[in-house]
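Written below as structure tokens is the structure these notes are about.
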Amino acid sequence: MHSSKKVIEKTEKYGAHNYKPKEVVFSETDGIIVKNPEGEEFYDMLSAYSALNFGHGHPELIQAAKDQLDKLTLSSRAFYNDVLGDWMEKLCEFTGKEMVLPMNTGAEAVETALKTARRWGNLVNGIENGKQEIIVCKDNFHGRTITIVSMSTDEDARKGYGPYTPGFKVIEYGNIEELKEAITPNTVAFMMEPIQGEAGVIIPPEGFMKEAYEICKENNVLFIADEVQTGFARTGKMFACQHEGVVPDIYVLGKALGGGIIAVSAIAADSHILNVFTPGSHGSTFGGNPLGAAVSMKALEILERDDYPKQAEEKGNYFMSKLKEIKNDDIVEVRGRGLLIGVEFKEDAAPYVEKLIEKGVLAKETHERTIRFAPPIVSSYEQLDEALARIKVAFEK
Ligand SMILES: *Cc1c(COP(=O)(O)O)cnc(C)c1O
């Protein structure tokens with residue numbers, strides 16, 4: 001087995017430097033615990049940006065994957081497979097929507113939602129093709145494709161990638177007046193994250209989501225919720241839109257949808273929207289693959305059975321209250337919903353992340369000053385207490 005040092009050297013030598021990982025090497029995992037090649041243990045408090053709701057190596061998910069591996073892994077959509085239909089039915093039950101369009105990554109699902117909205121505007125609403133407009137929010141994170149970075153306001157994500165895809169307007173996150181002003185007869189959709197994860201766990205002002213949804217309805221504009229990070233119980237509700245009783249026209253789903261094992265993403269919407277797609281108009285070789293569908297099916301079954309939203313809410317409230325007890329004048333705010341929690345510092349939080357790692361806790365700063373904690377929802381209170389004790393030592397001066 002390679003040492004951590006060797007692994008890091010090779011990764012940096014042969015891999016493009018589009019990430020700057022913290023110097024911790026994952027080699028074996030169990031639930032919330034990560035081991036490096038030297039056998040040192042860490043508490044995973046990032047959960048692959050919320051993809052690992054169920055922690056690492058959940059036995060039922062692993063079994064579902066193994067069972068499906070033995071039977072069938074890929075059909076492509078040139079043919080049917082005997083897993084996809086059941087899974088899509090289940091996802092429709094979860095979202096209350098009539099139809100699903102499966103993809104693999106979150107970015108692909110976002111792209112799919114944008115394509116849906118543009119086509120819907122053109123084919124259903126008669127907006128001239130090429131004139132469709134979509135409204136998004138400042139400091140959004142929706143993925144990494146050219147079109148998605150075109151609507152980003154993050155210079156690191158955008159620089160040098162022009163020409164950018166036109167057709168987007170950016171409003172301030174949570175500003176209802178700006179939303180009203182941005183809508184024109186050519187607007188087809190407004191897309192937002194119910195909580196901005198990458199931006200630093202930013203929760204919109206109370207009532208914004210609901211009001212935004214209503215304004216969209218009045219103007220015949222689709223309300224798209226990017227729940228890739230917030231979906232599937234993470235914030236204490238099955239979907240974060242439920243905090244304001246909003247049912248979006250289109251759910252964008254990913255990350256935890258694949259149980260942290262395989263990339264599974266999808267959008268869910270009613271048929272009057274998703275029927276804009278006709279054969280040949282969109283697709284993906286691996287989208288809807290039976291391996292992903294089988295693992296995701298099991299993930300949905302577990303989510304339903306063990307009341308994960310309630311677990312995330314209770315554990316999140318506990319975790320957040322303990323974080324708030326930590327005394328350090330550099331901490332500006334502790335905020336979050338469920339188990340999606342941000343600790344904002346006055347200045348660069350990277351040194352605190354290093355201290356956390358020294359104490360065996362894995363988390364990462366986002367937008368420099370905020371450390372995001374998103375432990376697996378399966379974490380026990382004993383594990384959370386142990387992690388909290390270490391966080392306290394790392395954070396207190
Ligand atoms: C992670 C994320 C995406 C992109 O998902 P990928 O699987 O990395 O392409 C999109 N939207 C949100 C809100 C995310 O957190």
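Identifiers for the structure tokens are assigned positionally: chains receive A, B, ... in sequence, residues are indexed from 1 per chain, and ligands are indexed from 1 in the order shown.
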
> Can you tell me, as a PyMOL selection string, what residues are no more than 7 Å from Ile224 (chain A) when counting only C-alpha atoms, ignoring any on the same chain fewer than 2 positions away?
Replying inline: chain A and resi 189-192+222+226+248-251

Can I get the selected residues back with N, CA and C atoms, as an mmCIF file, in the first residue's frame?
data_model
loop_
_atom_site.group_PDB
_atom_site.id
_atom_site.type_symbol
_atom_site.label_atom_id
_atom_site.label_comp_id
_atom_site.auth_asym_id
_atom_site.auth_seq_id
_atom_site.Cartn_x
_atom_site.Cartn_y
_atom_site.Cartn_z
ATOM 1 N N ALA A 189 -37.869 30.757 -16.467
ATOM 2 C CA ALA A 189 -37.651 30.096 -15.175
ATOM 3 C C ALA A 189 -36.860 30.960 -14.217
ATOM 4 N N PHE A 190 -37.069 30.688 -12.938
ATOM 5 C CA PHE A 190 -36.226 31.210 -11.869
ATOM 6 C C PHE A 190 -35.664 29.999 -11.140
ATOM 7 N N MET A 191 -34.349 29.943 -11.014
ATOM 8 C CA MET A 191 -33.736 28.795 -10.335
ATOM 9 C C MET A 191 -32.981 29.250 -9.099
ATOM 10 N N MET A 192 -33.179 28.536 -8.006
ATOM 11 C CA MET A 192 -32.439 28.864 -6.777
ATOM 12 C C MET A 192 -32.121 27.622 -5.963
ATOM 13 N N LEU A 222 -41.395 29.143 -14.546
ATOM 14 C CA LEU A 222 -41.140 27.916 -13.783
ATOM 15 C C LEU A 222 -40.228 28.208 -12.588
ATOM 16 N N ASP A 226 -32.858 23.850 -7.034
ATOM 17 C CA ASP A 226 -31.670 22.996 -7.092
ATOM 18 C C ASP A 226 -31.456 22.426 -5.692
ATOM 19 N N PRO A 248 -41.661 23.064 -5.781
ATOM 20 C CA PRO A 248 -41.174 23.685 -7.013
ATOM 21 C C PRO A 248 -41.758 22.998 -8.246
ATOM 22 N N ASP A 249 -41.712 23.686 -9.372
ATOM 23 C CA ASP A 249 -42.157 23.051 -10.611
ATOM 24 C C ASP A 249 -41.181 21.958 -11.025
ATOM 25 N N ILE A 250 -39.903 22.227 -10.795
ATOM 26 C CA ILE A 250 -38.872 21.242 -11.137
ATOM 27 C C ILE A 250 -37.926 21.063 -9.946
ATOM 28 N N TYR A 251 -37.784 19.830 -9.507
ATOM 29 C CA TYR A 251 -36.745 19.488 -8.525
ATOM 30 C C TYR A 251 -35.492 19.074 -9.289
#

>> At a cut-off of 10 Å and counting only C-alpha atoms and all ligand atoms, what residues surround ligand 1? Please answer as number ranges by chain.
In response: A: 48-51, 104-111, 140-145, 148, 192-199, 225-231, 252-256, 263-265

> Do you know which residues are at most 8 Å from Leu303 (chain A) counting only C-alpha atoms, after dropping those on the same chain fewer than 4 positions away, and could you put them as a ChimeraX atom specification?
Replying inline: /A:232-233,299,307-308

Cut-off 12 Å: closest region 170-280 of chain A/region 59-62 of chain A atom pairs per residue, using only C-alpha atoms, as CSV:
residue,atom,partner,partner_atom,distance
A:Ala256,CA,A:Leu61,CA,11.9
A:Leu257,CA,A:Leu61,CA,11.7
A:Gly258,CA,A:Leu61,CA,9.6
A:Gly259,CA,A:Leu61,CA,7.1
A:Gly260,CA,A:Leu61,CA,9.2
A:Ile261,CA,A:Leu61,CA,8.0
A:Ile262,CA,A:Leu61,CA,10.5

> With only C-alpha atoms as the atoms that count, which of A:Leu340, A:Leu384, A:Leu179, A:Ala349 lies nearest to Leu46 (chain A)?
Replying inline: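 The answer is A:Leu340, which sits nearest to Leu46 (chain A).
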
Neighbouring residues of Asp44 (chain A) were defined as those with any atom within 8 Å, considering only C-alpha atoms; residues of the same chain fewer than 5 positions away were excluded. Please report them as a PDB file with N, CA, C and O atoms, in the first residue's frame.
ATOM      1  N   ILE A  32     -19.052   6.836   9.594  1.00  0.00           N
ATOM      2  CA  ILE A  32     -18.588   8.221   9.663  1.00  0.00           C
ATOM      3  C   ILE A  32     -17.051   8.284   9.735  1.00  0.00           C
ATOM      4  O   ILE A  32     -16.444   9.333   9.627  1.00  0.00           O
ATOM      5  N   ILE A  33     -16.421   7.122   9.910  1.00  0.00           N
ATOM      6  CA  ILE A  33     -14.971   7.059  10.127  1.00  0.00           C
ATOM      7  C   ILE A  33     -14.208   6.806   8.823  1.00  0.00           C
ATOM      8  O   ILE A  33     -14.578   5.944   8.033  1.00  0.00           O
ATOM      9  N   VAL A  34     -13.140   7.587   8.655  1.00  0.00           N
ATOM     10  CA  VAL A  34     -12.251   7.438   7.497  1.00  0.00           C
ATOM     11  C   VAL A  34     -10.872   7.059   8.022  1.00  0.00           C
ATOM     12  O   VAL A  34     -10.403   7.635   9.004  1.00  0.00           O
ATOM     13  N   VAL A 361     -10.704  15.576  12.547  1.00  0.00           N
ATOM     14  CA  VAL A 361     -12.048  15.934  12.064  1.00  0.00           C
ATOM     15  C   VAL A 361     -11.922  16.513  10.655  1.00  0.00           C
ATOM     16  O   VAL A 361     -11.129  17.424  10.424  1.00  0.00           O
ATOM     17  N   LEU A 362     -12.704  15.946   9.717  1.00  0.00           N
ATOM     18  CA  LEU A 362     -12.625  16.399   8.333  1.00  0.00           C
ATOM     19  C   LEU A 362     -13.765  17.350   8.003  1.00  0.00           C
ATOM     20  O   LEU A 362     -14.937  16.994   8.089  1.00  0.00           O
ATOM     21  N   ALA A 363     -13.384  18.558   7.629  1.00  0.00           N
ATOM     22  CA  ALA A 363     -14.338  19.550   7.135  1.00  0.00           C
ATOM     23  C   ALA A 363     -13.536  20.475   6.242  1.00  0.00           C
ATOM     24  O   ALA A 363     -12.312  20.378   6.180  1.00  0.00           O
ATOM     25  N   PRO A 375     -22.171  16.305   8.603  1.00  0.00           N
ATOM     26  CA  PRO A 375     -21.864  14.906   8.920  1.00  0.00           C
ATOM     27  C   PRO A 375     -22.929  13.964   8.358  1.00  0.00           C
ATOM     28  O   PRO A 375     -24.066  14.395   8.129  1.00  0.00           O
ATOM     29  N   PRO A 376     -22.564  12.715   8.148  1.00  0.00           N
ATOM     30  CA  PRO A 376     -23.576  11.753   7.702  1.00  0.00           C
ATOM     31  C   PRO A 376     -24.754  11.747   8.670  1.00  0.00           C
ATOM     32  O   PRO A 376     -24.560  11.868   9.893  1.00  0.00           O
TER      33      PRO A 376
END

>> So that I can check the secondary structure, give me every residue of region 187-346 of chain A assigned alpha helix (DSSP H) by backbone DSSP, as a VMD selection string.
In response: chain A and resid 208 to 218 271 to 274 290 to 305 308 to 325

Written file, previous selection with C-alpha atoms, as a CSV table (one decimal), in the first residue's frame:
chain,number,residue,atom,x,y,z
A,208,PHE,CA,-38.5,34.6,0.2
A,209,MET,CA,-38.9,31.2,-1.3
A,210,LYS,CA,-42.7,31.2,-0.9
A,211,GLU,CA,-43.0,34.7,-2.3
A,212,ALA,CA,-40.7,34.0,-5.2
A,213,TYR,CA,-42.7,30.9,-6.0
A,214,GLU,CA,-45.9,32.9,-6.0
A,215,ILE,CA,-44.4,35.6,-8.3
A,216,CYS,CA,-43.3,32.9,-10.6
A,217,LYS,CA,-46.9,31.5,-10.7
A,218,GLU,CA,-48.3,34.9,-11.4
A,271,SER,CA,-45.9,15.7,-17.3
A,272,HIS,CA,-47.1,19.0,-18.8
A,273,ILE,CA,-43.5,20.1,-18.3
A,274,LEU,CA,-41.5,17.0,-19.0
A,290,PRO,CA,-29.7,-0.2,-13.6
A,291,LEU,CA,-26.8,-0.2,-11.1
A,292,GLY,CA,-27.4,3.4,-10.1
A,293,ALA,CA,-31.2,2.9,-10.1
A,294,ALA,CA,-30.8,-0.1,-7.8
A,295,VAL,CA,-28.6,1.6,-5.3
A,296,SER,CA,-30.7,4.8,-5.4
A,297,MET,CA,-33.9,2.7,-4.9
A,298,LYS,CA,-32.4,1.2,-1.7
A,299,ALA,CA,-31.3,4.7,-0.6
A,300,LEU,CA,-34.9,5.9,-1.0
A,301,GLU,CA,-36.2,2.9,0.9
A,302,ILE,CA,-33.9,3.6,3.8
A,303,LEU,CA,-34.7,7.3,3.8
A,304,GLU,CA,-38.4,6.5,4.1
A,305,ARG,CA,-38.1,3.8,6.6
A,308,TYR,CA,-34.1,10.7,8.1
A,309,PRO,CA,-35.6,14.2,8.0
A,310,LYS,CA,-36.5,13.9,11.7
A,311,GLN,CA,-33.0,12.5,12.5
A,312,ALA,CA,-31.3,15.3,10.6
A,313,GLU,CA,-33.4,17.9,12.3
A,314,GLU,CA,-32.8,16.6,15.9
A,315,LYS,CA,-29.1,15.8,15.4
A,316,GLY,CA,-28.6,19.1,13.6
A,317,ASN,CA,-30.2,21.1,16.4
A,318,TYR,CA,-28.1,19.3,18.9
A,319,PHE,CA,-24.9,19.8,16.9
A,320,MET,CA,-25.5,23.4,16.2
A,321,SER,CA,-26.3,24.2,19.8
A,322,LYS,CA,-23.0,22.6,20.9
A,323,LEU,CA,-21.1,24.5,18.2
A,324,LYS,CA,-22.7,27.8,19.5
A,325,GLU,CA,-21.2,27.1,22.9

> Which residues in region 93-280 of chain A does DSSP call strand (DSSP E)? List them as a PyMOL selection string.
Replying inline: chain A and resi 99-103+133-137+168-171+187-192+222-226+250-253+265-269

Those residues with N, CA and C atoms, as an mmCIF file, in the first residue's frame please?
data_model
loop_
_atom_site.group_PDB
_atom_site.id
_atom_site.type_symbol
_atom_site.label_atom_id
_atom_site.label_comp_id
_atom_site.auth_asym_id
_atom_site.auth_seq_id
_atom_site.Cartn_x
_atom_site.Cartn_y
_atom_site.Cartn_z
ATOM 1 N N MET A 99 -43.317 12.703 -13.280
ATOM 2 C CA MET A 99 -42.284 12.124 -14.147
ATOM 3 C C MET A 99 -40.884 12.499 -13.683
ATOM 4 N N VAL A 100 -39.945 11.712 -14.180
ATOM 5 C CA VAL A 100 -38.545 11.883 -13.820
ATOM 6 C C VAL A 100 -37.702 11.800 -15.084
ATOM 7 N N LEU A 101 -36.605 12.561 -15.123
ATOM 8 C CA LEU A 101 -35.629 12.384 -16.199
ATOM 9 C C LEU A 101 -34.276 12.124 -15.545
ATOM 10 N N PRO A 102 -33.759 10.910 -15.676
ATOM 11 C CA PRO A 102 -32.528 10.537 -14.966
ATOM 12 C C PRO A 102 -31.261 10.936 -15.715
ATOM 13 N N MET A 103 -30.289 11.422 -14.949
ATOM 14 C CA MET A 103 -28.947 11.706 -15.485
ATOM 15 C C MET A 103 -27.939 11.139 -14.475
ATOM 16 N N GLU A 133 -35.240 33.572 -21.297
ATOM 17 C CA GLU A 133 -34.405 34.091 -20.211
ATOM 18 C C GLU A 133 -34.633 33.286 -18.923
ATOM 19 N N ILE A 134 -33.549 33.065 -18.212
ATOM 20 C CA ILE A 134 -33.625 32.351 -16.931
ATOM 21 C C ILE A 134 -32.966 33.220 -15.865
ATOM 22 N N ILE A 135 -33.626 33.313 -14.721
ATOM 23 C CA ILE A 135 -33.107 34.137 -13.619
ATOM 24 C C ILE A 135 -32.468 33.228 -12.567
ATOM 25 N N VAL A 136 -31.282 33.604 -12.144
ATOM 26 C CA VAL A 136 -30.578 32.860 -11.091
ATOM 27 C C VAL A 136 -30.094 33.850 -10.025
ATOM 28 N N CYS A 137 -29.425 33.333 -9.002
ATOM 29 C CA CYS A 137 -29.033 34.188 -7.871
ATOM 30 C C CYS A 137 -27.523 34.365 -7.787
ATOM 31 N N PHE A 168 -29.093 34.529 -19.250
ATOM 32 C CA PHE A 168 -29.257 34.496 -17.796
ATOM 33 C C PHE A 168 -29.268 35.901 -17.204
ATOM 34 N N LYS A 169 -30.082 36.054 -16.167
ATOM 35 C CA LYS A 169 -30.069 37.282 -15.383
ATOM 36 C C LYS A 169 -29.782 36.885 -13.951
ATOM 37 N N VAL A 170 -28.996 37.697 -13.273
ATOM 38 C CA VAL A 170 -28.613 37.383 -11.895
ATOM 39 C C VAL A 170 -29.235 38.401 -10.944
ATOM 40 N N ILE A 171 -29.914 37.892 -9.918
ATOM 41 C CA ILE A 171 -30.445 38.782 -8.876
ATOM 42 C C ILE A 171 -29.766 38.454 -7.551
ATOM 43 N N THR A 187 -39.118 35.549 -19.826
ATOM 44 C CA THR A 187 -38.593 34.745 -18.713
ATOM 45 C C THR A 187 -39.274 33.381 -18.688
ATOM 46 N N VAL A 188 -38.468 32.333 -18.657
ATOM 47 C CA VAL A 188 -39.035 30.977 -18.601
ATOM 48 C C VAL A 188 -38.886 30.351 -17.224
ATOM 49 N N ALA A 189 -37.869 30.757 -16.467
ATOM 50 C CA ALA A 189 -37.651 30.096 -15.175
ATOM 51 C C ALA A 189 -36.860 30.960 -14.217
ATOM 52 N N PHE A 190 -37.069 30.688 -12.938
ATOM 53 C CA PHE A 190 -36.226 31.210 -11.869
ATOM 54 C C PHE A 190 -35.664 29.999 -11.140
ATOM 55 N N MET A 191 -34.349 29.943 -11.014
ATOM 56 C CA MET A 191 -33.736 28.795 -10.335
ATOM 57 C C MET A 191 -32.981 29.250 -9.099
ATOM 58 N N MET A 192 -33.179 28.536 -8.006
ATOM 59 C CA MET A 192 -32.439 28.864 -6.777
ATOM 60 C C MET A 192 -32.121 27.622 -5.963
ATOM 61 N N LEU A 222 -41.395 29.143 -14.546
ATOM 62 C CA LEU A 222 -41.140 27.916 -13.783
ATOM 63 C C LEU A 222 -40.228 28.208 -12.588
ATOM 64 N N PHE A 223 -40.576 27.626 -11.453
ATOM 65 C CA PHE A 223 -39.732 27.740 -10.257
ATOM 66 C C PHE A 223 -38.923 26.442 -10.158
ATOM 67 N N ILE A 224 -37.609 26.586 -10.304
ATOM 68 C CA ILE A 224 -36.724 25.412 -10.265
ATOM 69 C C ILE A 224 -35.942 25.433 -8.960
ATOM 70 N N ALA A 225 -36.021 24.349 -8.200
ATOM 71 C CA ALA A 225 -35.246 24.257 -6.955
ATOM 72 C C ALA A 225 -34.067 23.319 -7.173
ATOM 73 N N ASP A 226 -32.858 23.850 -7.034
ATOM 74 C CA ASP A 226 -31.670 22.996 -7.092
ATOM 75 C C ASP A 226 -31.456 22.426 -5.692
ATOM 76 N N ILE A 250 -39.903 22.227 -10.795
ATOM 77 C CA ILE A 250 -38.872 21.242 -11.137
ATOM 78 C C ILE A 250 -37.926 21.063 -9.946
ATOM 79 N N TYR A 251 -37.784 19.830 -9.507
ATOM 80 C CA TYR A 251 -36.745 19.488 -8.525
ATOM 81 C C TYR A 251 -35.492 19.074 -9.289
ATOM 82 N N VAL A 252 -34.333 19.606 -8.866
ATOM 83 C CA VAL A 252 -33.062 19.137 -9.394
ATOM 84 C C VAL A 252 -32.387 18.355 -8.282
ATOM 85 N N LEU A 253 -32.081 17.099 -8.544
ATOM 86 C CA LEU A 253 -31.632 16.189 -7.494
ATOM 87 C C LEU A 253 -30.339 15.488 -7.883
ATOM 88 N N SER A 265 -28.358 11.310 -10.733
ATOM 89 C CA SER A 265 -29.061 12.580 -10.609
ATOM 90 C C SER A 265 -30.336 12.513 -11.427
ATOM 91 N N ALA A 266 -31.190 13.493 -11.232
ATOM 92 C CA ALA A 266 -32.466 13.487 -11.955
ATOM 93 C C ALA A 266 -33.129 14.838 -11.805
ATOM 94 N N ILE A 267 -34.054 15.124 -12.705
ATOM 95 C CA ILE A 267 -35.021 16.166 -12.404
ATOM 96 C C ILE A 267 -36.389 15.482 -12.315
ATOM 97 N N ALA A 268 -37.254 16.074 -11.501
ATOM 98 C CA ALA A 268 -38.611 15.562 -11.352
ATOM 99 C C ALA A 268 -39.569 16.720 -11.585
ATOM 100 N N ALA A 269 -40.603 16.464 -12.377
ATOM 101 C CA ALA A 269 -41.592 17.500 -12.692
ATOM 102 C C ALA A 269 -42.862 16.822 -13.189
#

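Ranking A:Glu396, A:Glu354, A:Glu93, A:Glu9 by their shortest atom-to-atom distance to Ile331 (chain A), with only C-alpha atoms included, puts A:Glu396 first.
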
> Using only C-alpha atoms, which residue out of A:Arg337, A:His58, A:Lys115, A:Glu244 lies closest to Ser281 (chain A)?
Replying inline: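 When distances to Ser281 (chain A) are compared using only C-alpha atoms, the smallest one comes from A:Lys115.
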
>> Which residues are close to Pro37 (chain A), i.e. within 10 Å by only C-alpha atoms, leaving aside same-chain residues fewer than 6 positions away? Reply as a list in words.
In response: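 Near neighbours after the sequence-gap exclusion: Met1, His2, Ser3, Ser4, Lys5, Val7, Val24, Val25, Phe26, Ser27 and Glu28 of chain A.
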
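Put simply, CA of Ser47 (chain A) is 6.2 Å away from CA of Ala374 (chain A).
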
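Each of A:Ile203, A:Glu128, A:His17, A:Thr285 was compared to Phe79 (chain A) using only C-alpha atoms, and A:Thr285 turns out to be the nearest.
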
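Among the candidates A:Leu388, A:Ile377, A:Lys97, A:Leu339, the residue lying nearest to Ala240 (chain A) is A:Leu339 (atoms considered: only C-alpha atoms).
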
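In this structure, CA of Phe373 (chain A) sits 20.4 Å away from CA of Asn36 (chain A).
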
> If we count only C-alpha atoms, what is near Glu368 (chain A) at a cut-off of 10 Å, once residues fewer than 5 positions away on the same chain are taken out, given as a ChimeraX atom specification?
Replying inline: /A:199-200,344-350
